[in-house]
file query.csv (CSV, C-alpha atoms and all ligand atoms)
chain,number,residue,atom,x,y,z
A,1,MET,CA,3.0,-30.3,0.1
A,2,LYS,CA,0.1,-30.5,2.6
A,3,PHE,CA,0.2,-29.4,6.2
A,4,LYS,CA,-2.3,-29.8,8.9
A,5,LYS,CA,-4.2,-26.6,9.5
A,6,ASN,CA,-2.5,-25.8,12.8
A,7,LYS,CA,0.9,-26.9,11.6
A,8,PHE,CA,1.2,-24.2,8.9
A,9,ILE,CA,2.3,-20.7,9.7
A,10,PRO,CA,0.9,-18.3,7.0
A,11,LEU,CA,2.5,-15.0,6.0
A,12,SER,CA,-0.5,-12.7,6.5
A,13,ILE,CA,-4.1,-13.8,6.8
A,14,PRO,CA,-7.3,-12.2,8.0
A,15,ASN,CA,-8.2,-12.2,11.6
A,16,LEU,CA,-12.0,-12.3,11.7
A,17,ILE,CA,-12.7,-11.9,15.4
A,18,GLY,CA,-15.4,-9.2,15.5
A,19,ASN,CA,-18.8,-8.5,14.2
A,20,GLU,CA,-18.2,-9.8,10.7
A,21,LYS,CA,-20.8,-12.6,10.8
A,22,LYS,CA,-23.4,-10.4,12.5
A,23,TYR,CA,-23.1,-7.6,10.0
A,24,LEU,CA,-23.0,-10.0,7.0
A,25,LYS,CA,-26.2,-11.7,8.3
A,26,ASN,CA,-27.8,-8.3,8.5
A,27,CYS,CA,-26.9,-7.6,4.8
A,28,ILE,CA,-28.6,-10.8,3.8
A,29,LYS,CA,-31.6,-10.2,6.0
A,30,THR,CA,-32.2,-6.8,4.6
A,31,SER,CA,-31.2,-7.7,1.0
A,32,TYR,CA,-28.8,-4.9,0.8
A,33,VAL,CA,-25.9,-6.8,-0.7
A,34,SER,CA,-24.8,-4.5,-3.4
A,35,THR,CA,-23.3,-0.9,-3.5
A,36,VAL,CA,-26.2,0.7,-1.7
A,37,GLY,CA,-26.6,0.0,2.1
A,38,GLU,CA,-25.9,1.3,5.5
A,39,TYR,CA,-22.5,-0.4,5.9
A,40,VAL,CA,-20.9,1.4,3.0
A,41,ASN,CA,-21.6,4.8,4.5
A,42,LYS,CA,-20.8,3.7,8.0
A,43,PHE,CA,-17.5,2.2,6.9
A,44,GLU,CA,-16.5,5.5,5.1
A,45,LYS,CA,-17.5,7.6,8.1
A,46,LYS,CA,-15.6,5.5,10.6
A,47,LEU,CA,-12.6,5.4,8.4
A,48,SER,CA,-12.5,9.2,7.9
A,49,LYS,CA,-12.9,9.6,11.6
A,50,PHE,CA,-10.1,7.2,12.5
A,51,LEU,CA,-7.8,8.8,10.0
A,52,ASN,CA,-8.8,12.3,10.8
A,53,VAL,CA,-9.4,13.1,7.1
A,54,ARG,CA,-12.5,14.9,5.7
A,55,TYR,CA,-13.6,12.4,3.0
A,56,ALA,CA,-13.4,8.7,2.4
A,57,VAL,CA,-14.8,7.3,-0.9
A,58,SER,CA,-14.8,3.6,-0.9
A,59,CYS,CA,-13.8,1.5,-3.9
A,60,ASN,CA,-13.9,-2.2,-4.8
A,61,SER,CA,-10.1,-2.5,-4.7
A,62,GLY,CA,-7.0,-0.6,-3.9
A,63,THR,CA,-6.2,-0.8,-7.6
A,64,SER,CA,-9.5,0.9,-8.6
A,65,ALA,CA,-8.9,3.5,-5.9
A,66,LEU,CA,-5.5,4.3,-7.4
A,67,HIS,CA,-6.8,4.4,-10.9
A,68,LEU,CA,-9.6,6.8,-9.9
A,69,ALA,CA,-7.3,8.9,-7.7
A,70,LEU,CA,-4.9,9.5,-10.6
A,71,ARG,CA,-7.8,10.3,-12.9
A,72,VAL,CA,-9.3,12.9,-10.5
A,73,ALA,CA,-5.9,14.3,-9.8
A,74,GLY,CA,-5.9,15.3,-13.5
A,75,VAL,CA,-3.5,12.8,-15.0
A,76,GLU,CA,-4.0,12.8,-18.8
A,77,PRO,CA,-2.9,10.6,-21.7
A,78,LYS,CA,0.8,11.2,-22.6
A,79,ASP,CA,1.5,12.7,-19.1
A,80,GLU,CA,4.2,11.3,-16.9
A,81,VAL,CA,3.9,10.1,-13.3
A,82,ILE,CA,6.8,9.6,-10.9
A,83,VAL,CA,6.5,6.1,-9.5
A,84,PRO,CA,8.8,4.3,-7.0
A,85,THR,CA,10.2,1.2,-8.6
A,86,MET,CA,9.7,-0.8,-5.4
A,87,SER,CA,6.0,-1.4,-5.4
A,88,PHE,CA,3.3,-3.8,-6.3
A,89,ILE,CA,2.6,-3.7,-10.0
A,90,ALA,CA,-0.9,-2.2,-9.5
A,91,THR,CA,0.8,1.1,-8.8
A,92,ALA,CA,2.3,1.4,-12.2
A,93,ASN,CA,-0.7,-0.3,-13.9
A,94,ALA,CA,-3.0,2.5,-12.6
A,95,VAL,CA,-0.8,5.0,-14.5
A,96,ARG,CA,-1.0,3.0,-17.7
A,97,TYR,CA,-4.8,2.6,-17.4
A,98,LEU,CA,-4.8,6.4,-18.1
A,99,ASP,CA,-2.3,6.0,-21.0
A,100,ALA,CA,0.2,8.0,-19.0
A,101,SER,CA,3.8,6.8,-18.5
A,102,PRO,CA,5.7,6.0,-15.3
A,103,VAL,CA,9.1,7.4,-14.5
A,104,PHE,CA,10.8,5.0,-12.1
A,105,ILE,CA,12.7,6.2,-9.0
A,106,ASP,CA,14.9,4.1,-6.7
A,107,CYS,CA,14.0,3.1,-3.1
A,108,ASP,CA,15.6,3.8,0.2
A,109,GLU,CA,16.6,1.4,3.0
A,110,PHE,CA,12.9,1.3,4.2
A,111,PHE,CA,11.8,0.3,0.6
A,112,ASN,CA,10.2,3.7,0.0
A,113,LEU,CA,10.8,6.3,-2.7
A,114,ASP,CA,14.3,7.5,-2.2
A,115,TYR,CA,14.1,11.1,-0.9
A,116,ASP,CA,17.4,12.4,-2.2
A,117,LYS,CA,17.0,10.9,-5.7
A,118,THR,CA,13.4,12.1,-6.0
A,119,LYS,CA,14.5,15.6,-5.0
A,120,SER,CA,17.4,15.4,-7.4
A,121,PHE,CA,15.1,14.3,-10.3
A,122,LEU,CA,12.6,17.1,-9.6
A,123,LEU,CA,15.3,19.8,-9.3
A,124,LYS,CA,17.7,18.7,-12.1
A,125,GLU,CA,15.7,16.7,-14.6
A,126,THR,CA,12.6,18.9,-15.0
A,127,PHE,CA,11.7,22.4,-16.1
A,128,SER,CA,8.7,24.7,-15.6
A,129,LYS,CA,6.5,26.2,-18.3
A,130,ASN,CA,3.1,27.9,-18.0
A,131,GLY,CA,2.9,26.9,-14.4
A,132,LYS,CA,3.4,23.2,-15.2
A,133,THR,CA,6.4,20.8,-14.8
A,134,PHE,CA,8.0,19.0,-17.8
A,135,ASN,CA,10.5,16.2,-18.0
A,136,LYS,CA,13.7,17.6,-19.7
A,137,LYS,CA,14.4,14.2,-21.4
A,138,THR,CA,10.9,13.6,-23.0
A,139,ASN,CA,9.3,17.1,-22.9
A,140,ARG,CA,6.3,15.5,-21.4
A,141,LYS,CA,4.2,17.0,-18.6
A,142,ILE,CA,4.7,15.4,-15.2
A,143,SER,CA,1.3,15.7,-13.6
A,144,ALA,CA,1.6,13.5,-10.5
A,145,LEU,CA,3.9,11.7,-8.2
A,146,ILE,CA,2.9,8.5,-6.4
A,147,VAL,CA,4.4,7.9,-3.0
A,148,VAL,CA,4.1,4.3,-1.8
A,149,HIS,CA,4.3,3.6,2.0
A,150,VAL,CA,5.8,0.2,1.4
A,151,PHE,CA,4.7,-2.6,3.8
A,152,GLY,CA,3.3,0.1,6.1
A,153,ASN,CA,6.6,2.0,6.4
A,154,ALA,CA,6.0,5.7,6.2
A,155,ALA,CA,7.8,7.3,3.2
A,156,ASN,CA,10.1,10.3,3.9
A,157,ILE,CA,8.2,12.9,2.0
A,158,LYS,CA,8.1,16.0,4.1
A,159,GLU,CA,10.0,18.2,1.7
A,160,ILE,CA,8.9,16.3,-1.4
A,161,LEU,CA,5.3,17.5,-0.6
A,162,ALA,CA,6.4,21.1,-0.6
A,163,LEU,CA,8.5,20.7,-3.8
A,164,CYS,CA,5.6,19.1,-5.6
A,165,LYS,CA,3.2,21.8,-4.5
A,166,LYS,CA,5.6,24.4,-5.9
A,167,LYS,CA,5.9,22.4,-9.2
A,168,LYS,CA,2.1,21.8,-9.5
A,169,ILE,CA,2.6,18.1,-9.3
A,170,LYS,CA,-0.2,16.3,-7.5
A,171,VAL,CA,0.9,13.8,-4.8
A,172,ILE,CA,-1.0,10.5,-4.6
A,173,GLU,CA,-0.2,8.3,-1.7
A,174,ASP,CA,-0.4,4.6,-2.3
A,175,ALA,CA,-1.0,3.6,1.3
A,176,ALA,CA,-2.4,0.2,0.3
A,177,GLY,CA,-0.7,-1.5,3.2
A,178,ALA,CA,-0.3,1.5,5.5
A,179,LEU,CA,-3.6,1.9,7.4
A,180,GLY,CA,-2.7,3.2,10.9
A,181,THR,CA,0.8,4.4,10.1
A,182,LYS,CA,1.3,7.8,11.7
A,183,TYR,CA,4.0,10.4,11.2
A,184,LEU,CA,5.9,11.7,14.2
A,185,TYR,CA,8.0,14.5,12.7
A,186,GLY,CA,7.6,18.2,11.8
A,187,LYS,CA,4.5,19.5,10.3
A,188,LEU,CA,3.3,16.0,9.5
A,189,LYS,CA,3.3,15.0,13.2
A,190,ASN,CA,0.2,12.9,14.1
A,191,ARG,CA,-1.0,12.7,10.6
A,192,TYR,CA,-1.7,9.3,9.1
A,193,ALA,CA,-0.1,7.9,6.0
A,194,GLY,CA,-2.5,8.4,3.1
A,195,THR,CA,-3.7,11.8,4.4
A,196,VAL,CA,-0.8,14.1,3.7
A,197,GLY,CA,-0.8,14.2,-0.1
A,198,ASP,CA,-3.6,15.4,-2.4
A,199,LEU,CA,-5.3,12.0,-2.4
A,200,GLY,CA,-4.5,8.7,-0.6
A,201,CYS,CA,-5.5,5.1,-1.4
A,202,ILE,CA,-5.7,2.2,0.9
A,203,SER,CA,-6.4,-1.5,0.1
A,204,PHE,CA,-8.6,-3.9,2.1
A,205,ASN,CA,-7.5,-7.0,0.3
A,206,GLY,CA,-7.4,-10.2,2.4
A,207,ASN,CA,-3.7,-9.9,3.3
A,208,LYS,CA,-4.0,-6.3,4.7
A,209,ILE,CA,-4.1,-5.2,8.3
A,210,ILE,CA,-7.9,-5.1,8.0
A,211,THR,CA,-9.9,-6.6,5.2
A,212,SER,CA,-13.2,-6.3,3.5
A,213,GLY,CA,-12.6,-9.4,1.4
A,214,GLY,CA,-11.6,-7.1,-1.4
A,215,GLY,CA,-11.8,-3.3,-1.4
A,216,GLY,CA,-10.1,0.0,-1.2
A,217,VAL,CA,-10.7,3.6,-0.4
A,218,ILE,CA,-9.7,7.1,-1.6
A,219,ILE,CA,-9.1,9.6,1.2
A,220,THR,CA,-8.7,13.3,0.8
A,221,ASN,CA,-9.3,16.6,2.5
A,222,SER,CA,-10.5,18.2,-0.7
A,223,LYS,CA,-14.3,18.3,-1.1
A,224,GLU,CA,-14.0,18.8,-4.9
A,225,LEU,CA,-11.7,15.7,-5.3
A,226,ALA,CA,-13.9,13.6,-3.1
A,227,LYS,CA,-17.0,14.6,-5.0
A,228,LYS,CA,-15.4,13.8,-8.3
A,229,SER,CA,-14.1,10.4,-7.0
A,230,PHE,CA,-17.6,9.4,-5.8
A,231,HIS,CA,-19.2,10.6,-9.1
A,232,LEU,CA,-16.8,8.6,-11.3
A,233,SER,CA,-16.9,5.5,-9.0
A,234,THR,CA,-20.6,5.3,-9.6
A,235,GLN,CA,-20.8,5.5,-13.4
A,236,ALA,CA,-20.9,9.4,-13.4
A,237,SER,CA,-24.6,9.2,-13.1
A,238,VAL,CA,-26.5,12.6,-13.0
A,239,ASP,CA,-30.1,11.5,-13.4
A,240,LYS,CA,-31.0,8.1,-12.1
A,241,LEU,CA,-34.6,8.2,-13.5
A,242,ASN,CA,-33.5,8.6,-17.1
A,243,TYR,CA,-30.1,7.0,-16.9
A,244,GLU,CA,-28.2,10.1,-17.7
A,245,HIS,CA,-24.4,10.2,-17.3
A,246,ASP,CA,-22.1,13.2,-17.8
A,247,ASP,CA,-18.8,11.4,-18.1
A,248,ILE,CA,-17.2,8.0,-18.7
A,249,GLY,CA,-17.4,6.6,-15.2
A,250,PHE,CA,-16.7,3.3,-13.5
A,251,ASN,CA,-18.4,0.6,-11.5
A,252,TYR,CA,-15.9,1.0,-8.7
A,253,ARG,CA,-18.0,1.3,-5.5
A,254,LEU,CA,-17.6,-1.1,-2.6
A,255,THR,CA,-20.5,-3.3,-1.9
A,256,ASN,CA,-22.5,-3.4,1.3
A,257,LEU,CA,-21.4,-7.0,1.9
A,258,GLN,CA,-17.7,-6.0,1.6
A,259,ALA,CA,-18.2,-2.9,3.7
A,260,SER,CA,-20.0,-4.9,6.5
A,261,VAL,CA,-16.8,-7.0,6.9
A,262,GLY,CA,-14.6,-3.9,6.5
A,263,LEU,CA,-16.6,-2.1,9.3
A,264,ALA,CA,-16.3,-5.1,11.7
A,265,GLN,CA,-12.6,-5.2,11.0
A,266,LEU,CA,-12.1,-1.5,11.4
A,267,GLU,CA,-13.7,-1.8,14.9
A,268,LYS,CA,-10.6,-3.9,15.8
A,269,ILE,CA,-7.9,-1.8,14.2
A,270,LYS,CA,-6.4,-0.7,17.5
A,271,THR,CA,-6.1,-4.3,18.7
A,272,PHE,CA,-4.5,-5.3,15.4
A,273,LEU,CA,-2.0,-2.4,15.5
A,274,GLY,CA,-1.1,-3.4,19.1
A,275,ILE,CA,-0.5,-7.0,18.1
A,276,LYS,CA,1.6,-6.1,15.0
A,277,LYS,CA,3.8,-4.0,17.2
A,278,LYS,CA,4.3,-6.9,19.6
A,279,ILE,CA,5.2,-9.2,16.7
A,280,LYS,CA,7.7,-6.6,15.5
A,281,ASN,CA,9.3,-6.2,18.9
A,282,PHE,CA,9.5,-10.0,19.3
A,283,TYR,CA,11.4,-10.4,16.0
A,284,SER,CA,13.5,-7.4,16.6
A,285,SER,CA,14.9,-8.8,19.9
A,286,ARG,CA,15.3,-12.4,18.7
A,287,PHE,CA,17.1,-11.6,15.4
A,288,LYS,CA,20.0,-10.1,17.3
A,289,ASN,CA,21.3,-13.6,17.8
A,290,LEU,CA,21.1,-14.8,14.2
A,291,LYS,CA,24.3,-15.0,12.2
A,292,ASN,CA,22.9,-14.9,8.7
A,293,PHE,CA,19.9,-12.6,9.0
A,294,THR,CA,19.0,-9.2,10.3
A,295,PHE,CA,15.6,-7.9,11.0
A,296,ASN,CA,14.6,-4.8,9.0
A,297,ASN,CA,13.5,-2.0,11.3
A,298,GLN,CA,10.9,0.7,10.4
A,299,PRO,CA,11.5,4.4,9.8
A,300,PRO,CA,12.1,6.2,13.1
A,301,TYR,CA,10.2,9.3,12.1
A,302,ALA,CA,6.8,7.5,12.1
A,303,ASP,CA,4.7,5.1,14.2
A,304,ASN,CA,4.5,2.4,11.6
A,305,ASN,CA,1.7,-0.2,11.4
A,306,CYS,CA,4.2,-3.1,11.0
A,307,TRP,CA,1.9,-4.6,8.4
A,308,MET,CA,4.6,-6.7,6.6
A,309,LEU,CA,7.8,-7.5,8.4
A,310,SER,CA,11.0,-8.4,6.6
A,311,ILE,CA,14.5,-9.8,7.1
A,312,ASN,CA,17.7,-9.2,5.3
A,313,CYS,CA,20.0,-12.1,4.3
A,314,LYS,CA,23.5,-11.0,5.2
A,315,LYS,CA,26.1,-10.6,2.4
A,316,HIS,CA,28.2,-13.6,3.3
A,317,LEU,CA,25.2,-15.9,3.1
A,318,ILE,CA,25.6,-17.6,-0.2
A,319,LEU,CA,22.2,-19.3,-0.2
A,320,LYS,CA,19.7,-17.8,-2.6
A,321,LYS,CA,16.5,-16.2,-1.4
A,322,GLU,CA,14.5,-18.8,-3.3
A,323,TYR,CA,16.3,-21.7,-1.4
A,324,ILE,CA,15.5,-20.1,2.0
A,325,ILE,CA,11.9,-19.5,1.1
A,326,ASN,CA,11.5,-23.1,-0.1
A,327,PHE,CA,13.3,-24.5,3.0
A,328,LEU,CA,11.0,-22.6,5.3
A,329,TYR,CA,8.0,-23.7,3.4
A,330,SER,CA,9.1,-27.3,3.7
A,331,LYS,CA,9.0,-26.7,7.5
A,332,GLY,CA,5.5,-25.3,7.4
A,333,ILE,CA,6.4,-21.6,7.4
A,334,GLU,CA,5.2,-19.2,4.6
A,335,THR,CA,7.6,-16.5,3.7
A,336,ARG,CA,7.7,-14.4,0.5
A,337,SER,CA,10.0,-12.4,-1.7
A,338,ILE,CA,9.4,-8.7,-1.9
A,339,TRP,CA,8.2,-7.3,-5.2
A,340,LYS,CA,10.4,-7.5,-8.2
A,341,PRO,CA,11.2,-3.8,-9.0
A,342,LEU,CA,8.8,-2.4,-11.5
A,343,HIS,CA,11.5,-1.2,-13.9
A,344,LEU,CA,12.5,-4.9,-14.4
A,345,GLN,CA,9.0,-6.1,-15.1
A,346,LYS,CA,8.2,-7.0,-18.7
A,347,PRO,CA,5.5,-4.4,-19.3
A,348,TYR,CA,7.7,-1.6,-17.8
A,349,LYS,CA,11.2,-2.3,-19.1
A,350,LYS,CA,10.9,0.4,-21.8
A,351,TYR,CA,10.0,3.3,-19.4
A,352,GLN,CA,12.4,5.9,-18.0
A,353,ARG,CA,14.3,5.0,-14.8
A,354,TYR,CA,16.3,7.5,-12.8
A,355,ASN,CA,19.5,6.5,-11.0
A,356,ILE,CA,18.4,3.2,-9.7
A,357,SER,CA,20.9,1.3,-7.7
A,358,ASN,CA,19.4,0.1,-4.4
A,359,SER,CA,16.2,-1.7,-5.3
A,360,GLU,CA,17.8,-4.7,-7.2
A,361,ARG,CA,20.1,-5.4,-4.2
A,362,ILE,CA,17.2,-5.1,-1.8
A,363,PHE,CA,15.0,-7.3,-3.9
A,364,ASN,CA,17.7,-10.0,-3.9
A,365,ASN,CA,18.3,-10.0,-0.2
A,366,THR,CA,14.9,-9.4,1.4
A,367,ILE,CA,12.3,-11.9,2.7
A,368,LEU,CA,9.0,-11.2,4.2
A,369,VAL,CA,8.3,-13.2,7.4
A,370,PRO,CA,4.9,-14.2,9.0
A,371,SER,CA,3.1,-11.3,10.7
A,372,SER,CA,-0.6,-12.3,10.9
A,373,THR,CA,-2.3,-10.9,13.9
A,374,ASN,CA,-3.5,-14.4,14.9
A,375,LEU,CA,0.0,-15.8,15.3
A,376,LYS,CA,0.9,-17.5,18.6
A,377,LYS,CA,4.2,-17.0,20.4
A,378,SER,CA,5.0,-20.7,19.6
A,379,ASP,CA,4.6,-19.8,15.9
A,380,LEU,CA,7.1,-17.0,16.1
A,381,LEU,CA,9.5,-19.1,18.1
A,382,LYS,CA,9.3,-21.7,15.4
A,383,VAL,CA,10.1,-19.1,12.7
A,384,ILE,CA,13.2,-18.1,14.7
A,385,SER,CA,14.4,-21.6,15.5
A,386,THR,CA,14.0,-22.7,11.8
A,387,LEU,CA,16.0,-19.7,10.6
A,388,LYS,CA,18.7,-20.6,13.1
A,389,LYS,CA,18.9,-23.9,11.4
A,390,ILE,CA,19.7,-22.1,8.2
A,391,SER,CA,22.2,-20.0,10.1
A,392,LYS,CA,24.1,-23.2,11.0
A,393,ASN,CA,24.4,-24.2,7.3
B,1,LIG,C1,1.5,-1.0,-2.8
B,1,LIG,C2,0.2,-1.6,-3.3
B,1,LIG,N1,-0.5,-0.9,-4.2
B,1,LIG,C3,-1.7,-1.3,-4.7
B,1,LIG,C4,-2.2,-2.5,-4.3
B,1,LIG,C5,-3.5,-3.0,-4.9
B,1,LIG,O1,-4.5,-3.2,-4.0
B,1,LIG,P1,-5.7,-4.3,-4.3
B,1,LIG,O2,-5.1,-5.6,-4.2
B,1,LIG,O3,-6.7,-4.0,-3.2
B,1,LIG,O4,-6.2,-3.9,-5.7
B,1,LIG,C6,-1.5,-3.3,-3.4
B,1,LIG,C7,-2.0,-4.6,-3.0
B,1,LIG,O5,-1.4,-5.4,-2.3
B,1,LIG,C8,-0.2,-2.8,-2.9
B,1,LIG,O6,0.5,-3.6,-2.0

call {"tool": "encode", "arguments": {"input": "query.csv", "output": "structure tokens"}}
result
Amino acid sequence: MKFKKNKFIPLSIPNLIGNEKKYLKNCIKTSYVSTVGEYVNKFEKKLSKFLNVRYAVSCNSGTSALHLALRVAGVEPKDEVIVPTMSFIATANAVRYLDASPVFIDCDEFFNLDYDKTKSFLLKETFSKNGKTFNKKTNRKISALIVVHVFGNAANIKEILALCKKKKIKVIEDAAGALGTKYLYGKLKNRYAGTVGDLGCISFNGNKIITSGGGGVIITNSKELAKKSFHLSTQASVDKLNYEHDDIGFNYRLTNLQASVGLAQLEKIKTFLGIKKKIKNFYSSRFKNLKNFTFNNQPPYADNNCWMLSINCKKHLILKKEYIINFLYSKGIETRSIWKPLHLQKPYKKYQRYNISNSERIFNNTILVPSSTNLKKSDLLKVISTLKKISKN
């Protein structure tokens, strides 16, 4: 089906309203198009300043950032990593790249790692030996836990952080879509998602709140982990003159071209966060009148970035999610399913899962609705009026 450009309402697209062209032109003019160049450093500096975190090490994707973060956190082959089942597949793939295994945990009402179930797993299903934590079922070492701040919703991890510290389990935050989300409670107050664990990862893919075309970053307050991350992201080079390397590294660094776009986007982050909040408030008020759908709110203990917004199809609505998505598409509105839980995915069916009951229901009932920062009020009204038509069915 083809729509005229201004007749289609996409789910989440880039909003390139700043210095993107100017900075890109400068890259071309100076020939600094690859991993060396002023924009890579400027982008990292500006990010760490915005997030109030000591170090930012840019990568060429959120996936490579996750892979590297797990590696520098010390995840080894045959280890286990606790992973929320409600995530994009890259989260689990990064664990497998290291030949470690995921243990899947359920999600809560905000799609995040279920706090009670995670705590229960850590307290009841693991034991300590020689200062390390092992899974009672498999006797394998649990070296890390990944917390995903799903769709920009801050995960409820205040006490999990303390528990993991006690159990010597490193916490990696997959904040791929959570740039700008800030905690409002307890000790975490005013700290950004991605900066409260040992290492955090953010993605700058095209659908994110800001984009560098493709890209990611590792953020941390640890000098040692930042140094290691940078070293491994640039082929573990120790002597450039003689091409000497002291480890098996990766070609994971962001390019100057990507960073130039990322920097221009980062200059607009406050504007984008403000628009996202307005879109959320609009939906939140309008959905009150819909019979068959509710708007999913964000966790109250954080100022969430509202990256992806979602609705829930009420129980009595017998129409399938796929029908609704296709119906909206036929009217020129792009919506999307949330991720199929990881423990149900072909490569991950054989891995351990713990007490999973919410995620399948949530997967079946939830639809992501348009939230691009360049949407007009008329677009949002169209989304609502089209959903009302489904409500009448
Ligand atoms: C939760 C999560 N983790 C990881 C990634 C991977 O990021 P990238 O696409 O930049 O590799 C994504 C991308 O959407 C994501 O949503």

call {"tool": "residues_around", "arguments": {"input": "query.csv", "residues": "A:Tyr192", "least_positions_apart": "4", "cutoff": "10 Å", "atoms": "only C-alpha atoms", "output": "VMD selection string"}}
result
chain A and resid 50 to 53 154 175 178 to 184 188 196 302 to 304

call {"tool": "atom_distance", "arguments": {"input": "query.csv", "atom1": "atom CA of A:Pro14", "atom2": "atom CA of A:Thr211"}}
result
6.8 Å

call {"tool": "residues_around", "arguments": {"input": "query.csv", "residues": "A:Ala236", "least_positions_apart": "6", "cutoff": "9 Å", "atoms": "all atoms listed in the file", "output": "count of residues only"}}
result
9

call {"tool": "residues_near_ligand", "arguments": {"input": "query.csv", "ligand": "ligand LIG 1 (chain B)", "cutoff": "7 Å", "atoms": "only C-alpha atoms and all ligand atoms", "output": "list in words"}}
result
Ser61, Gly62, Thr63, Ser64, Ser87, Phe88, Ala90, Thr91, Val148, Val150, Asp174, Ala175, Ala176, Gly177, Ser203, Phe204, Asn205, Gly214, Gly215 and Gly216 of chain A

call {"tool": "atom_distance", "arguments": {"input": "query.csv", "atom1": "atom CA of A:Ser371", "atom2": "atom CA of A:Arg336"}}
result
11.6 Å

call {"tool": "closest_residue", "arguments": {"input": "query.csv", "among": "A:Lys165, A:Lys270, A:Lys389, A:Lys331", "to": "A:Ile9", "atoms": "all atoms listed in the file"}}
result
A:Lys331

call {"tool": "closest_residue", "arguments": {"input": "query.csv", "among": "A:Ile210, A:Ile367, A:Ile89, A:Leu254", "to": "A:Trp307", "atoms": "all atoms listed in the file"}}
result
A:Ile210

call {"tool": "closest_residue", "arguments": {"input": "query.csv", "among": "A:Ser34, A:Thr373, A:Thr366, A:Asn297", "to": "A:Ile275", "atoms": "only C-alpha atoms"}}
result
A:Thr373

call {"tool": "closest_residue", "arguments": {"input": "query.csv", "among": "A:Lys280, A:Lys45, A:Lys291, A:Lys187", "to": "A:Met308", "atoms": "all atoms listed in the file"}}
result
A:Lys280

call {"tool": "residues_around", "arguments": {"input": "query.csv", "residues": "A:Ser101", "least_positions_apart": "4", "cutoff": "10 Å", "atoms": "all atoms listed in the file", "output": "number ranges by chain"}}
result
A: 76-83, 92-97, 140, 142, 348, 351-352

call {"tool": "closest_residue", "arguments": {"input": "query.csv", "among": "A:Leu309, A:Ala69, A:Met86, A:Leu225", "to": "A:Leu344", "atoms": "all atoms listed in the file"}}
result
A:Met86

call {"tool": "closest_residue", "arguments": {"input": "query.csv", "among": "A:Asp106, A:Lys208, A:Val57, A:Ala100", "to": "A:His343", "atoms": "only C-alpha atoms"}}
result
A:Asp106
